[in-house]
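What follows is the content of data.cif (mmCIF, C-alpha atoms).
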```cif
data_protein
#
loop_
_atom_site.label_atom_id
_atom_site.label_comp_id
_atom_site.auth_asym_id
_atom_site.auth_seq_id
_atom_site.Cartn_x
_atom_site.Cartn_y
_atom_site.Cartn_z
CA MET A 1 29.89 -201.00 -36.71
CA ALA A 2 28.82 -198.84 -39.63
CA THR A 3 30.78 -195.65 -40.29
CA THR A 4 28.92 -192.51 -41.34
CA VAL A 5 30.52 -191.10 -44.48
CA PHE A 6 27.86 -188.59 -45.49
CA LYS A 7 25.59 -186.49 -43.31
CA ARG A 8 23.97 -183.10 -43.02
CA PRO A 9 26.51 -180.39 -42.09
CA GLU A 10 25.98 -179.04 -38.58
CA SER A 11 26.00 -175.55 -40.10
CA MET A 12 22.76 -176.36 -41.95
CA SER A 13 19.27 -176.62 -40.50
CA THR A 14 16.75 -179.39 -41.17
CA ASN A 15 14.28 -177.07 -42.96
CA ILE A 16 13.12 -177.96 -46.46
CA THR A 17 14.17 -175.27 -48.95
CA HIS A 18 11.77 -173.31 -51.16
CA TYR A 19 13.93 -173.47 -54.27
CA CYS A 20 12.51 -174.71 -57.56
CA PRO A 21 13.33 -178.21 -58.89
CA GLY A 22 16.64 -178.11 -60.74
CA CYS A 23 17.85 -174.92 -59.06
CA THR A 24 21.40 -175.24 -57.78
CA HIS A 25 21.07 -172.87 -54.81
CA GLY A 26 20.75 -175.95 -52.63
CA ILE A 27 24.11 -177.28 -53.77
CA VAL A 28 25.77 -173.95 -53.01
CA HIS A 29 24.13 -173.92 -49.57
CA ARG A 30 25.49 -177.39 -48.90
CA LEU A 31 29.02 -176.36 -49.89
CA VAL A 32 28.90 -173.33 -47.59
CA GLY A 33 27.73 -175.57 -44.73
CA GLU A 34 30.45 -178.15 -45.37
CA VAL A 35 33.21 -175.55 -45.53
CA LEU A 36 32.08 -173.84 -42.31
CA ASP A 37 32.06 -177.20 -40.55
CA GLU A 38 35.42 -178.35 -41.87
CA LEU A 39 37.12 -175.09 -40.91
CA GLY A 40 35.42 -175.06 -37.51
CA LEU A 41 33.74 -171.71 -38.15
CA ARG A 42 30.08 -172.37 -37.29
CA GLU A 43 30.12 -170.57 -33.94
CA ARG A 44 31.93 -167.57 -35.44
CA ALA A 45 30.05 -167.29 -38.74
CA ILE A 46 27.54 -164.57 -39.59
CA GLY A 47 25.75 -164.70 -42.93
CA ILE A 48 24.04 -161.79 -44.69
CA ALA A 49 20.92 -162.57 -46.75
CA PRO A 50 19.79 -159.95 -49.28
CA VAL A 51 16.68 -159.66 -51.43
CA GLY A 52 16.17 -162.26 -54.16
CA CYS A 53 15.81 -166.03 -54.34
CA SER A 54 18.16 -166.32 -51.39
CA VAL A 55 16.07 -163.97 -49.23
CA LEU A 56 15.06 -166.86 -46.98
CA CYS A 57 18.42 -168.61 -46.83
CA TYR A 58 18.75 -167.78 -43.13
CA ASN A 59 16.15 -170.51 -42.59
CA TYR A 60 18.52 -173.11 -43.99
CA PHE A 61 21.66 -172.44 -41.97
CA ASN A 62 22.34 -173.22 -38.34
CA ILE A 63 24.40 -170.06 -37.82
CA ASP A 64 23.74 -166.39 -37.07
CA PHE A 65 22.19 -164.49 -39.97
CA GLN A 66 21.16 -160.94 -40.78
CA GLU A 67 18.79 -159.63 -43.46
CA SER A 68 19.93 -156.65 -45.52
CA ALA A 69 18.21 -154.24 -47.87
CA HIS A 70 18.41 -155.03 -51.58
CA GLY A 71 22.02 -154.81 -52.73
CA ARG A 72 23.36 -153.62 -49.39
CA ALA A 73 24.75 -156.89 -48.04
CA PRO A 74 28.43 -155.83 -48.45
CA ALA A 75 27.76 -152.64 -46.45
CA MET A 76 26.12 -154.59 -43.62
CA ALA A 77 28.88 -157.17 -43.71
CA THR A 78 31.47 -154.39 -43.50
CA GLY A 79 29.85 -152.93 -40.39
CA ILE A 80 29.66 -156.30 -38.65
CA LYS A 81 33.22 -157.30 -39.52
CA ARG A 82 34.70 -153.98 -38.44
CA THR A 83 32.91 -154.02 -35.09
CA ARG A 84 33.44 -157.75 -34.55
CA PRO A 85 36.70 -158.63 -36.35
CA ASP A 86 36.72 -162.00 -34.60
CA THR A 87 33.69 -163.16 -36.61
CA ILE A 88 33.62 -164.78 -40.05
CA VAL A 89 31.22 -162.73 -42.17
CA PHE A 90 29.89 -163.68 -45.58
CA THR A 91 27.24 -162.39 -47.95
CA TYR A 92 25.11 -164.72 -50.05
CA GLN A 93 23.89 -162.82 -53.13
CA GLY A 94 22.30 -163.41 -56.51
CA ASP A 95 23.18 -161.55 -59.70
CA GLY A 96 20.15 -159.24 -59.61
CA ASP A 97 21.05 -158.15 -56.10
CA LEU A 98 24.83 -158.06 -56.38
CA ALA A 99 25.43 -157.00 -59.98
CA SER A 100 22.61 -154.45 -60.34
CA ILE A 101 21.41 -152.42 -57.38
CA GLY A 102 24.36 -153.65 -55.30
CA THR A 103 27.21 -153.06 -57.76
CA ASN A 104 28.45 -149.93 -56.00
CA GLU A 105 28.50 -151.61 -52.59
CA LEU A 106 30.33 -154.62 -54.02
CA ILE A 107 33.05 -152.72 -55.86
CA HIS A 108 33.90 -150.43 -52.98
CA ALA A 109 33.90 -153.21 -50.37
CA ALA A 110 36.35 -155.12 -52.55
CA ASN A 111 38.40 -152.02 -53.28
CA ARG A 112 38.68 -151.26 -49.55
CA GLY A 113 39.82 -154.81 -48.97
CA GLU A 114 37.15 -155.60 -46.40
CA ARG A 115 37.92 -158.94 -44.75
CA ILE A 116 34.62 -160.51 -45.75
CA THR A 117 33.60 -163.27 -48.17
CA THR A 118 31.00 -162.98 -50.91
CA VAL A 119 29.13 -166.01 -52.25
CA PHE A 120 27.80 -164.83 -55.62
CA VAL A 121 25.18 -166.98 -57.39
CA ASN A 122 24.94 -166.08 -61.09
CA ASN A 123 21.95 -167.60 -62.89
CA ALA A 124 21.75 -164.89 -65.57
CA ILE A 125 18.27 -163.69 -64.62
CA TYR A 126 16.15 -162.18 -61.86
CA GLY A 127 14.63 -165.21 -60.18
CA MET A 128 12.27 -164.36 -57.34
CA THR A 129 10.82 -161.18 -58.84
CA GLY A 130 9.55 -162.59 -62.12
CA GLY A 131 12.35 -163.46 -64.51
CA GLN A 132 13.42 -160.00 -65.65
CA MET A 133 16.67 -159.29 -67.49
CA ALA A 134 19.65 -159.07 -65.15
CA PRO A 135 23.07 -157.48 -65.71
CA THR A 136 24.35 -161.03 -66.30
CA THR A 137 21.63 -162.09 -68.80
CA MET A 138 23.19 -163.61 -71.92
CA PRO A 139 23.03 -162.01 -75.41
CA GLY A 140 19.81 -163.11 -77.09
CA GLN A 141 18.44 -164.63 -73.89
CA VAL A 142 14.69 -164.17 -73.52
CA THR A 143 13.34 -162.72 -70.26
CA THR A 144 10.08 -161.07 -69.22
CA THR A 145 11.57 -157.62 -69.82
CA CYS A 146 13.34 -158.49 -73.09
CA PRO A 147 10.91 -160.91 -74.76
CA MET A 148 12.79 -160.63 -78.06
CA GLY A 149 16.06 -161.50 -76.35
CA ARG A 150 18.82 -159.33 -74.93
CA ASP A 151 20.05 -156.95 -77.63
CA VAL A 152 23.60 -155.93 -76.75
CA GLN A 153 23.36 -152.91 -79.05
CA THR A 154 20.76 -151.30 -76.81
CA MET A 155 21.13 -153.18 -73.52
CA GLY A 156 24.88 -153.68 -73.34
CA HIS A 157 26.83 -156.88 -72.82
CA PRO A 158 26.49 -159.14 -69.77
CA LEU A 159 28.56 -157.95 -66.84
CA ARG A 160 31.55 -160.14 -65.96
CA VAL A 161 31.77 -159.44 -62.25
CA SER A 162 34.79 -161.60 -61.47
CA GLU A 163 36.89 -160.16 -64.25
CA MET A 164 35.91 -156.63 -63.24
CA LEU A 165 36.90 -157.11 -59.60
CA ALA A 166 40.16 -158.74 -60.65
CA THR A 167 41.29 -155.39 -62.11
CA LEU A 168 41.32 -153.75 -58.67
CA LYS A 169 44.77 -153.25 -57.19
CA THR A 170 43.67 -154.14 -53.66
CA PRO A 171 44.65 -157.73 -52.80
CA SER A 172 41.73 -160.13 -53.05
CA TYR A 173 40.72 -163.66 -53.96
CA ILE A 174 38.35 -163.84 -56.95
CA ALA A 175 37.20 -167.10 -58.52
CA ARG A 176 34.38 -168.41 -60.72
CA VAL A 177 33.06 -171.96 -60.38
CA ALA A 178 30.03 -174.03 -61.38
CA VAL A 179 27.95 -176.69 -59.62
CA HIS A 180 25.86 -178.33 -62.36
CA LYS A 181 28.13 -181.40 -62.60
CA PRO A 182 29.87 -183.41 -59.85
CA SER A 183 33.36 -182.63 -61.12
CA TYR A 184 32.59 -178.92 -61.01
CA VAL A 185 31.20 -179.22 -57.48
CA ILE A 186 34.53 -180.58 -56.24
CA GLU A 187 36.39 -177.61 -57.70
CA ALA A 188 33.74 -175.20 -56.38
CA LYS A 189 34.19 -176.44 -52.82
CA ARG A 190 37.95 -176.11 -53.11
CA ALA A 191 37.64 -172.46 -54.17
CA LEU A 192 35.06 -171.66 -51.48
CA LYS A 193 37.20 -173.21 -48.77
CA LYS A 194 40.16 -171.14 -49.93
CA ALA A 195 38.02 -167.98 -49.82
CA PHE A 196 36.96 -168.59 -46.22
CA GLN A 197 40.49 -169.55 -45.23
CA TYR A 198 41.79 -166.22 -46.50
CA GLN A 199 39.28 -164.50 -44.21
CA VAL A 200 40.35 -166.65 -41.26
CA GLU A 201 43.90 -165.49 -41.91
CA GLY A 202 42.73 -161.87 -42.18
CA ARG A 203 44.38 -161.51 -45.56
CA CYS A 204 41.88 -160.07 -48.01
CA TYR A 205 38.41 -159.68 -49.46
CA SER A 206 37.19 -162.77 -51.31
CA LEU A 207 34.44 -163.55 -53.81
CA VAL A 208 33.46 -166.88 -55.34
CA GLU A 209 31.04 -166.66 -58.26
CA PHE A 210 28.87 -169.75 -58.79
CA LEU A 211 27.29 -170.29 -62.21
CA SER A 212 23.81 -171.59 -61.42
CA THR A 213 20.71 -172.83 -63.22
CA CYS A 214 17.20 -171.35 -63.11
CA PRO A 215 14.92 -173.83 -64.93
CA THR A 216 11.71 -172.00 -63.97
CA ASN A 217 12.61 -168.60 -65.37
CA TRP A 218 14.61 -170.04 -68.24
CA ALA A 219 11.46 -172.03 -69.18
CA MET A 220 13.47 -175.26 -69.35
CA THR A 221 13.57 -178.63 -67.69
CA PRO A 222 16.37 -179.19 -65.17
CA SER A 223 18.32 -181.28 -67.68
CA GLN A 224 17.84 -178.68 -70.42
CA SER A 225 19.00 -175.91 -68.12
CA THR A 226 22.15 -177.83 -67.24
CA LYS A 227 22.99 -178.19 -70.93
CA TRP A 228 22.17 -174.52 -71.59
CA LEU A 229 24.54 -173.42 -68.83
CA GLU A 230 27.27 -175.64 -70.24
CA ASP A 231 26.78 -174.54 -73.85
CA THR A 232 25.89 -170.86 -73.38
CA MET A 233 27.18 -169.52 -70.09
CA LEU A 234 30.52 -171.30 -69.74
CA PRO A 235 32.01 -169.89 -72.97
CA TYR A 236 31.18 -166.34 -71.84
CA TYR A 237 31.87 -166.89 -68.14
CA PRO A 238 35.04 -169.03 -68.04
CA LEU A 239 35.82 -170.85 -64.82
CA GLY A 240 38.94 -170.38 -62.76
CA GLU A 241 40.78 -168.16 -60.33
CA PHE A 242 41.04 -164.59 -61.58
CA LYS A 243 43.03 -163.15 -58.71
CA THR A 244 44.80 -164.32 -55.56
CA PRO A 245 46.20 -162.14 -52.76
CA ASP A 246 49.70 -163.40 -53.48
CA GLU A 247 49.69 -161.48 -56.78
CA GLU A 248 49.68 -158.11 -54.98
CA GLU A 249 51.74 -158.94 -51.91
#
```

This entry written out as structure tokens:
Amino acid sequence: MATTVFKRPESMSTNITHYCPGCTHGIVHRLVGEVLDELGLRERAIGIAPVGCSVLCYNYFNIDFQESAHGRAPAMATGIKRTRPDTIVFTYQGDGDLASIGTNELIHAANRGERITTVFVNNAIYGMTGGQMAPTTMPGQVTTTCPMGRDVQTMGHPLRVSEMLATLKTPSYIARVAVHKPSYVIEAKRALKKAFQYQVEGRCYSLVEFLSTCPTNWAMTPSQSTKWLEDTMLPYYPLGEFKTPDEEE
């Protein structure tokens, strides 16, 4: 009898996603689904979808989901977790949502040590709304709102969210991963599973930042975007764990 070694996670639906070819949102979705299944959290999980490319991600998960206003996912997650501490609550946010209009919500949720998990997808640009410059856009990177490239003298440097949150004294788990190569995907799943496990244990706030590609708005092919992420983003956004709760306990 044949043994099934690979199948769709029960925490994911059968709907076809709307993401562009070469976008790695689908990989991140899959990892979230696998981790929820493996930790037995599907019936307890509540996801928060914000505004951005992931605005429709509630269609792709077989769990409870809520829609939040732009940037306000951490606030909604806080309310749900505090009223239902038995649930496993996570936000799924892009860089335009989380690192721009939602920066205040993010920092204070982390600083309060809310027992929630943030899945942060950083593709260095606003995706759904037309490819504008984001807080994470790379120096010299061309977008629709900086057609000559990001000038750090007038527009500032890209925001390193993980490093910034790691400076907070409140115990937390902060990590940055990537999913554009199989070896990176393995490490990404390990970090994500650890983040959810910390919430199960009620220990701390957790955030896992995923470096992601956006071939459409980068005006590249999928293979070109993978190389650009490797050559341009990784040196500025190094991978690894930036903080663990054990450091402050």

If the PyMOL selection byres ((chain A and resi 143) around 6) were run on this exact file, what residues would it hold? Put them as a compact mmCIF listing (two decimals) with C-alpha atoms, in the frame of the given file.
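Generated file (part_18.txt):
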```txt
# COMPACT_ATOMS: atom_id res chain seq x y z
CA GLY A 131 12.35 -163.46 -64.51
CA GLN A 132 13.42 -160.00 -65.65
CA MET A 133 16.67 -159.29 -67.49
CA VAL A 142 14.69 -164.17 -73.52
CA THR A 144 10.08 -161.07 -69.22
CA THR A 145 11.57 -157.62 -69.82
CA CYS A 146 13.34 -158.49 -73.09
CA PRO A 147 10.91 -160.91 -74.76
```

Counting all atoms listed in the file, which residues in range 80-139 of chain A sit no more than 10 Å from range 220-241 of chain A? For each one, give the nearest pair of atoms and the distance in Å, sorted by chain then residue number, as a tab-separated table.
```
residue	atom	partner	partner_atom	distance
A:Asn122	CA	A:Met233	CA	9.9
A:Asn123	CA	A:Leu229	CA	8.7
A:Ala124	CA	A:Met233	CA	8.4
A:Thr136	CA	A:Tyr237	CA	9.7
A:Thr137	CA	A:Met233	CA	9.4
A:Met138	CA	A:Met233	CA	7.4
A:Pro139	CA	A:Thr232	CA	9.5
```

Å distance separating CA of Val51 in chain A from CA of Gln93 in chain A, one decimal place: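 Rounded to one decimal, the two atoms are 8.1 Å apart.
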
Find, counting only C-alpha atoms, the residue in A:Ser172, A:Thr167, A:Thr87, A:Thr129 that gets nearest to Gly113 in chain A.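 Smallest separation from Gly113 in chain A among the options: A:Ser172.
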
Counting only C-alpha atoms, give me one row per residue of range 90-163 of chain A with an atom at most 10 Å from an atom of range 15-38 of chain A, showing the shortest contact pair and its distance in Å to one decimal, sorted by chain then residue number, as CSV.
```
residue,atom,partner,partner_atom,distance
A:Phe90,CA,A:Val32,CA,9.9
A:Tyr92,CA,A:His29,CA,9.3
A:Gly94,CA,A:His25,CA,9.7
A:Val119,CA,A:Val28,CA,8.7
A:Phe120,CA,A:Val28,CA,9.7
A:Val121,CA,A:His25,CA,7.6
A:Asn123,CA,A:Thr24,CA,9.2
A:Met128,CA,A:Tyr19,CA,9.8
```

Next, dump the selected residues to file, keeping only C-alpha atoms, as an mmCIF file, keeping the file's coordinate frame.
```cif
data_model
loop_
_atom_site.group_PDB
_atom_site.id
_atom_site.type_symbol
_atom_site.label_atom_id
_atom_site.label_comp_id
_atom_site.auth_asym_id
_atom_site.auth_seq_id
_atom_site.Cartn_x
_atom_site.Cartn_y
_atom_site.Cartn_z
ATOM 1 C CA PHE A 90 29.890 -163.680 -45.580
ATOM 2 C CA TYR A 92 25.110 -164.720 -50.050
ATOM 3 C CA GLY A 94 22.300 -163.410 -56.510
ATOM 4 C CA VAL A 119 29.130 -166.010 -52.250
ATOM 5 C CA PHE A 120 27.800 -164.830 -55.620
ATOM 6 C CA VAL A 121 25.180 -166.980 -57.390
ATOM 7 C CA ASN A 123 21.950 -167.600 -62.890
ATOM 8 C CA MET A 128 12.270 -164.360 -57.340
#
```

I need the residue nearest Tyr126 in chain A from this list: A:Thr216, A:Asn62, A:Ser13, A:Thr244. Use all atoms listed in the file for the distance. A:Thr216

Output the residue selection produced by the PyMOL selection byres ((chain A and resi 203) around 9) on the file above, formatted as a PDB file with C-alpha atoms, in the coordinates of the input.
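Saved to part39.pdb:
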```pdb
ATOM      1  CA  GLY A 113      39.820-154.810 -48.970  1.00  0.00           C
ATOM      2  CA  ARG A 115      37.920-158.940 -44.750  1.00  0.00           C
ATOM      3  CA  PRO A 171      44.650-157.730 -52.800  1.00  0.00           C
ATOM      4  CA  SER A 172      41.730-160.130 -53.050  1.00  0.00           C
ATOM      5  CA  GLN A 197      40.490-169.550 -45.230  1.00  0.00           C
ATOM      6  CA  TYR A 198      41.790-166.220 -46.500  1.00  0.00           C
ATOM      7  CA  GLN A 199      39.280-164.500 -44.210  1.00  0.00           C
ATOM      8  CA  VAL A 200      40.350-166.650 -41.260  1.00  0.00           C
ATOM      9  CA  GLU A 201      43.900-165.490 -41.910  1.00  0.00           C
ATOM     10  CA  GLY A 202      42.730-161.870 -42.180  1.00  0.00           C
ATOM     11  CA  CYS A 204      41.880-160.070 -48.010  1.00  0.00           C
ATOM     12  CA  TYR A 205      38.410-159.680 -49.460  1.00  0.00           C
ATOM     13  CA  PRO A 245      46.200-162.140 -52.760  1.00  0.00           C
TER      14      PRO A 245
END
```

Using all atoms listed in the file: which of A:Pro215, A:Pro9, A:Gly71, A:Gly52 has the shortest distance to Leu106 in chain A: A:Gly71

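If you measure from each of A:Val177, A:Leu39, A:Ala110, A:Ala134 to Ser206 in chain A using all atoms listed in the file, the closest one turns out to be A:Ala110.
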
Mind giving me the straight-line distance from CA of Gly47 in chain A to CA of Glu105 in chain A in Å, one decimal?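 Separation of CA of Gly47 in chain A and CA of Glu105 in chain A: 16.5 Å.
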
Dump of range 126-239 of chain A from preceding block, C-alpha atoms, as a PDB file, in the first residue's frame:
```
ATOM      1  CA  TYR A 126       3.822  48.059  -1.886  1.00  0.00           C
ATOM      2  CA  GLY A 127       2.363  45.201  -3.903  1.00  0.00           C
ATOM      3  CA  MET A 128      -1.409  45.364  -4.262  1.00  0.00           C
ATOM      4  CA  THR A 129      -1.724  49.149  -4.452  1.00  0.00           C
ATOM      5  CA  GLY A 130       0.580  49.795  -7.398  1.00  0.00           C
ATOM      6  CA  GLY A 131       4.230  49.284  -6.521  1.00  0.00           C
ATOM      7  CA  GLN A 132       4.913  52.399  -4.458  1.00  0.00           C
ATOM      8  CA  MET A 133       7.981  52.847  -2.267  1.00  0.00           C
ATOM      9  CA  ALA A 134       7.634  51.107   1.095  1.00  0.00           C
ATOM     10  CA  PRO A 135       9.560  51.682   4.335  1.00  0.00           C
ATOM     11  CA  THR A 136      11.558  48.560   3.415  1.00  0.00           C
ATOM     12  CA  THR A 137      12.372  49.585  -0.194  1.00  0.00           C
ATOM     13  CA  MET A 138      16.097  49.214  -0.897  1.00  0.00           C
ATOM     14  CA  PRO A 139      18.447  52.169  -1.598  1.00  0.00           C
ATOM     15  CA  GLY A 140      18.337  52.938  -5.306  1.00  0.00           C
ATOM     16  CA  GLN A 141      15.370  50.644  -5.885  1.00  0.00           C
ATOM     17  CA  VAL A 142      12.942  51.984  -8.483  1.00  0.00           C
ATOM     18  CA  THR A 143       9.240  52.159  -7.601  1.00  0.00           C
ATOM     19  CA  THR A 144       6.258  54.064  -8.979  1.00  0.00           C
ATOM     20  CA  THR A 145       6.737  56.804  -6.381  1.00  0.00           C
ATOM     21  CA  CYS A 146      10.531  56.996  -6.658  1.00  0.00           C
ATOM     22  CA  PRO A 147      11.148  56.413 -10.378  1.00  0.00           C
ATOM     23  CA  MET A 148      14.766  57.556 -10.038  1.00  0.00           C
ATOM     24  CA  GLY A 149      15.349  55.088  -7.214  1.00  0.00           C
ATOM     25  CA  ARG A 150      15.171  55.474  -3.442  1.00  0.00           C
ATOM     26  CA  ASP A 151      17.458  58.316  -2.378  1.00  0.00           C
ATOM     27  CA  VAL A 152      18.413  57.727   1.253  1.00  0.00           C
ATOM     28  CA  GLN A 153      19.436  61.379   1.623  1.00  0.00           C
ATOM     29  CA  THR A 154      15.846  62.516   1.209  1.00  0.00           C
ATOM     30  CA  MET A 155      13.827  59.353   1.866  1.00  0.00           C
ATOM     31  CA  GLY A 156      15.814  57.738   4.652  1.00  0.00           C
ATOM     32  CA  HIS A 157      17.191  54.229   4.854  1.00  0.00           C
ATOM     33  CA  PRO A 158      15.077  51.058   4.673  1.00  0.00           C
ATOM     34  CA  LEU A 159      13.539  50.145   8.009  1.00  0.00           C
ATOM     35  CA  ARG A 160      14.948  47.019   9.657  1.00  0.00           C
ATOM     36  CA  VAL A 161      11.896  45.899  11.597  1.00  0.00           C
ATOM     37  CA  SER A 162      13.402  42.828  13.234  1.00  0.00           C
ATOM     38  CA  GLU A 163      16.447  44.654  14.516  1.00  0.00           C
ATOM     39  CA  MET A 164      14.264  47.485  15.819  1.00  0.00           C
ATOM     40  CA  LEU A 165      11.962  45.164  17.777  1.00  0.00           C
ATOM     41  CA  ALA A 166      14.945  43.287  19.160  1.00  0.00           C
ATOM     42  CA  THR A 167      15.954  46.425  21.095  1.00  0.00           C
ATOM     43  CA  LEU A 168      12.799  46.282  23.229  1.00  0.00           C
ATOM     44  CA  LYS A 169      13.336  45.024  26.756  1.00  0.00           C
ATOM     45  CA  THR A 170      10.093  43.029  26.823  1.00  0.00           C
ATOM     46  CA  PRO A 171      10.779  39.316  26.205  1.00  0.00           C
ATOM     47  CA  SER A 172       9.972  38.269  22.653  1.00  0.00           C
ATOM     48  CA  TYR A 173      10.993  35.993  19.815  1.00  0.00           C
ATOM     49  CA  ILE A 174      12.183  37.869  16.714  1.00  0.00           C
ATOM     50  CA  ALA A 175      13.602  36.150  13.630  1.00  0.00           C
ATOM     51  CA  ARG A 176      14.173  36.861   9.937  1.00  0.00           C
ATOM     52  CA  VAL A 177      14.023  34.102   7.323  1.00  0.00           C
ATOM     53  CA  ALA A 178      13.698  33.694   3.556  1.00  0.00           C
ATOM     54  CA  VAL A 179      11.777  31.291   1.313  1.00  0.00           C
ATOM     55  CA  HIS A 180      13.257  31.738  -2.175  1.00  0.00           C
ATOM     56  CA  LYS A 181      15.392  28.574  -1.939  1.00  0.00           C
ATOM     57  CA  PRO A 182      14.578  25.133  -0.481  1.00  0.00           C
ATOM     58  CA  SER A 183      17.304  25.320   2.161  1.00  0.00           C
ATOM     59  CA  TYR A 184      15.922  28.639   3.370  1.00  0.00           C
ATOM     60  CA  VAL A 185      12.387  27.228   3.486  1.00  0.00           C
ATOM     61  CA  ILE A 186      13.500  24.541   5.938  1.00  0.00           C
ATOM     62  CA  GLU A 187      14.978  27.145   8.270  1.00  0.00           C
ATOM     63  CA  ALA A 188      11.923  29.386   7.846  1.00  0.00           C
ATOM     64  CA  LYS A 189       9.571  26.626   8.972  1.00  0.00           C
ATOM     65  CA  ARG A 190      11.752  25.913  11.988  1.00  0.00           C
ATOM     66  CA  ALA A 191      11.582  29.562  13.090  1.00  0.00           C
ATOM     67  CA  LEU A 192       7.829  29.805  12.471  1.00  0.00           C
ATOM     68  CA  LYS A 193       7.152  26.663  14.457  1.00  0.00           C
ATOM     69  CA  LYS A 194       9.194  28.043  17.332  1.00  0.00           C
ATOM     70  CA  ALA A 195       7.211  31.305  17.211  1.00  0.00           C
ATOM     71  CA  PHE A 196       3.871  29.504  17.463  1.00  0.00           C
ATOM     72  CA  GLN A 197       5.193  27.204  20.169  1.00  0.00           C
ATOM     73  CA  TYR A 198       6.137  30.201  22.307  1.00  0.00           C
ATOM     74  CA  GLN A 199       2.527  31.379  22.025  1.00  0.00           C
ATOM     75  CA  VAL A 200       1.221  27.938  22.969  1.00  0.00           C
ATOM     76  CA  GLU A 201       3.381  28.152  26.081  1.00  0.00           C
ATOM     77  CA  GLY A 202       2.119  31.678  26.786  1.00  0.00           C
ATOM     78  CA  ARG A 203       5.655  32.993  26.968  1.00  0.00           C
ATOM     79  CA  CYS A 204       5.955  36.040  24.737  1.00  0.00           C
ATOM     80  CA  TYR A 205       5.175  38.046  21.629  1.00  0.00           C
ATOM     81  CA  SER A 206       6.747  36.614  18.478  1.00  0.00           C
ATOM     82  CA  LEU A 207       7.472  37.882  14.970  1.00  0.00           C
ATOM     83  CA  VAL A 208       8.964  36.044  12.016  1.00  0.00           C
ATOM     84  CA  GLU A 209       9.977  38.245   9.091  1.00  0.00           C
ATOM     85  CA  PHE A 210       9.961  36.510   5.688  1.00  0.00           C
ATOM     86  CA  LEU A 211      12.008  38.044   2.875  1.00  0.00           C
ATOM     87  CA  SER A 212       9.807  37.628  -0.194  1.00  0.00           C
ATOM     88  CA  THR A 213       9.892  38.301  -3.925  1.00  0.00           C
ATOM     89  CA  CYS A 214       7.562  40.545  -5.943  1.00  0.00           C
ATOM     90  CA  PRO A 215       8.392  39.940  -9.629  1.00  0.00           C
ATOM     91  CA  THR A 216       5.455  42.014 -10.918  1.00  0.00           C
ATOM     92  CA  ASN A 217       6.273  45.248  -9.117  1.00  0.00           C
ATOM     93  CA  TRP A 218      10.010  44.705  -9.331  1.00  0.00           C
ATOM     94  CA  ALA A 219       9.545  44.374 -13.124  1.00  0.00           C
ATOM     95  CA  MET A 220      11.525  41.127 -13.164  1.00  0.00           C
ATOM     96  CA  THR A 221      11.025  37.506 -14.061  1.00  0.00           C
ATOM     97  CA  PRO A 222      10.626  35.084 -11.153  1.00  0.00           C
ATOM     98  CA  SER A 223      14.206  33.848 -11.579  1.00  0.00           C
ATOM     99  CA  GLN A 224      15.544  37.406 -11.766  1.00  0.00           C
ATOM    100  CA  SER A 225      13.659  38.381  -8.636  1.00  0.00           C
ATOM    101  CA  THR A 226      15.095  35.427  -6.733  1.00  0.00           C
ATOM    102  CA  LYS A 227      18.610  36.510  -7.667  1.00  0.00           C
ATOM    103  CA  TRP A 228      17.850  40.151  -6.803  1.00  0.00           C
ATOM    104  CA  LEU A 229      16.621  39.152  -3.349  1.00  0.00           C
ATOM    105  CA  GLU A 230      19.757  37.090  -2.800  1.00  0.00           C
ATOM    106  CA  ASP A 231      22.153  39.769  -4.046  1.00  0.00           C
ATOM    107  CA  THR A 232      20.433  42.937  -2.808  1.00  0.00           C
ATOM    108  CA  MET A 233      18.148  42.221   0.122  1.00  0.00           C
ATOM    109  CA  LEU A 234      20.087  39.567   2.036  1.00  0.00           C
ATOM    110  CA  PRO A 235      23.169  41.753   2.648  1.00  0.00           C
ATOM    111  CA  TYR A 236      20.969  44.495   4.128  1.00  0.00           C
ATOM    112  CA  TYR A 237      18.469  42.190   5.830  1.00  0.00           C
ATOM    113  CA  PRO A 238      20.601  39.394   7.340  1.00  0.00           C
ATOM    114  CA  LEU A 239      18.839  36.192   8.326  1.00  0.00           C
TER     115      LEU A 239
END
```
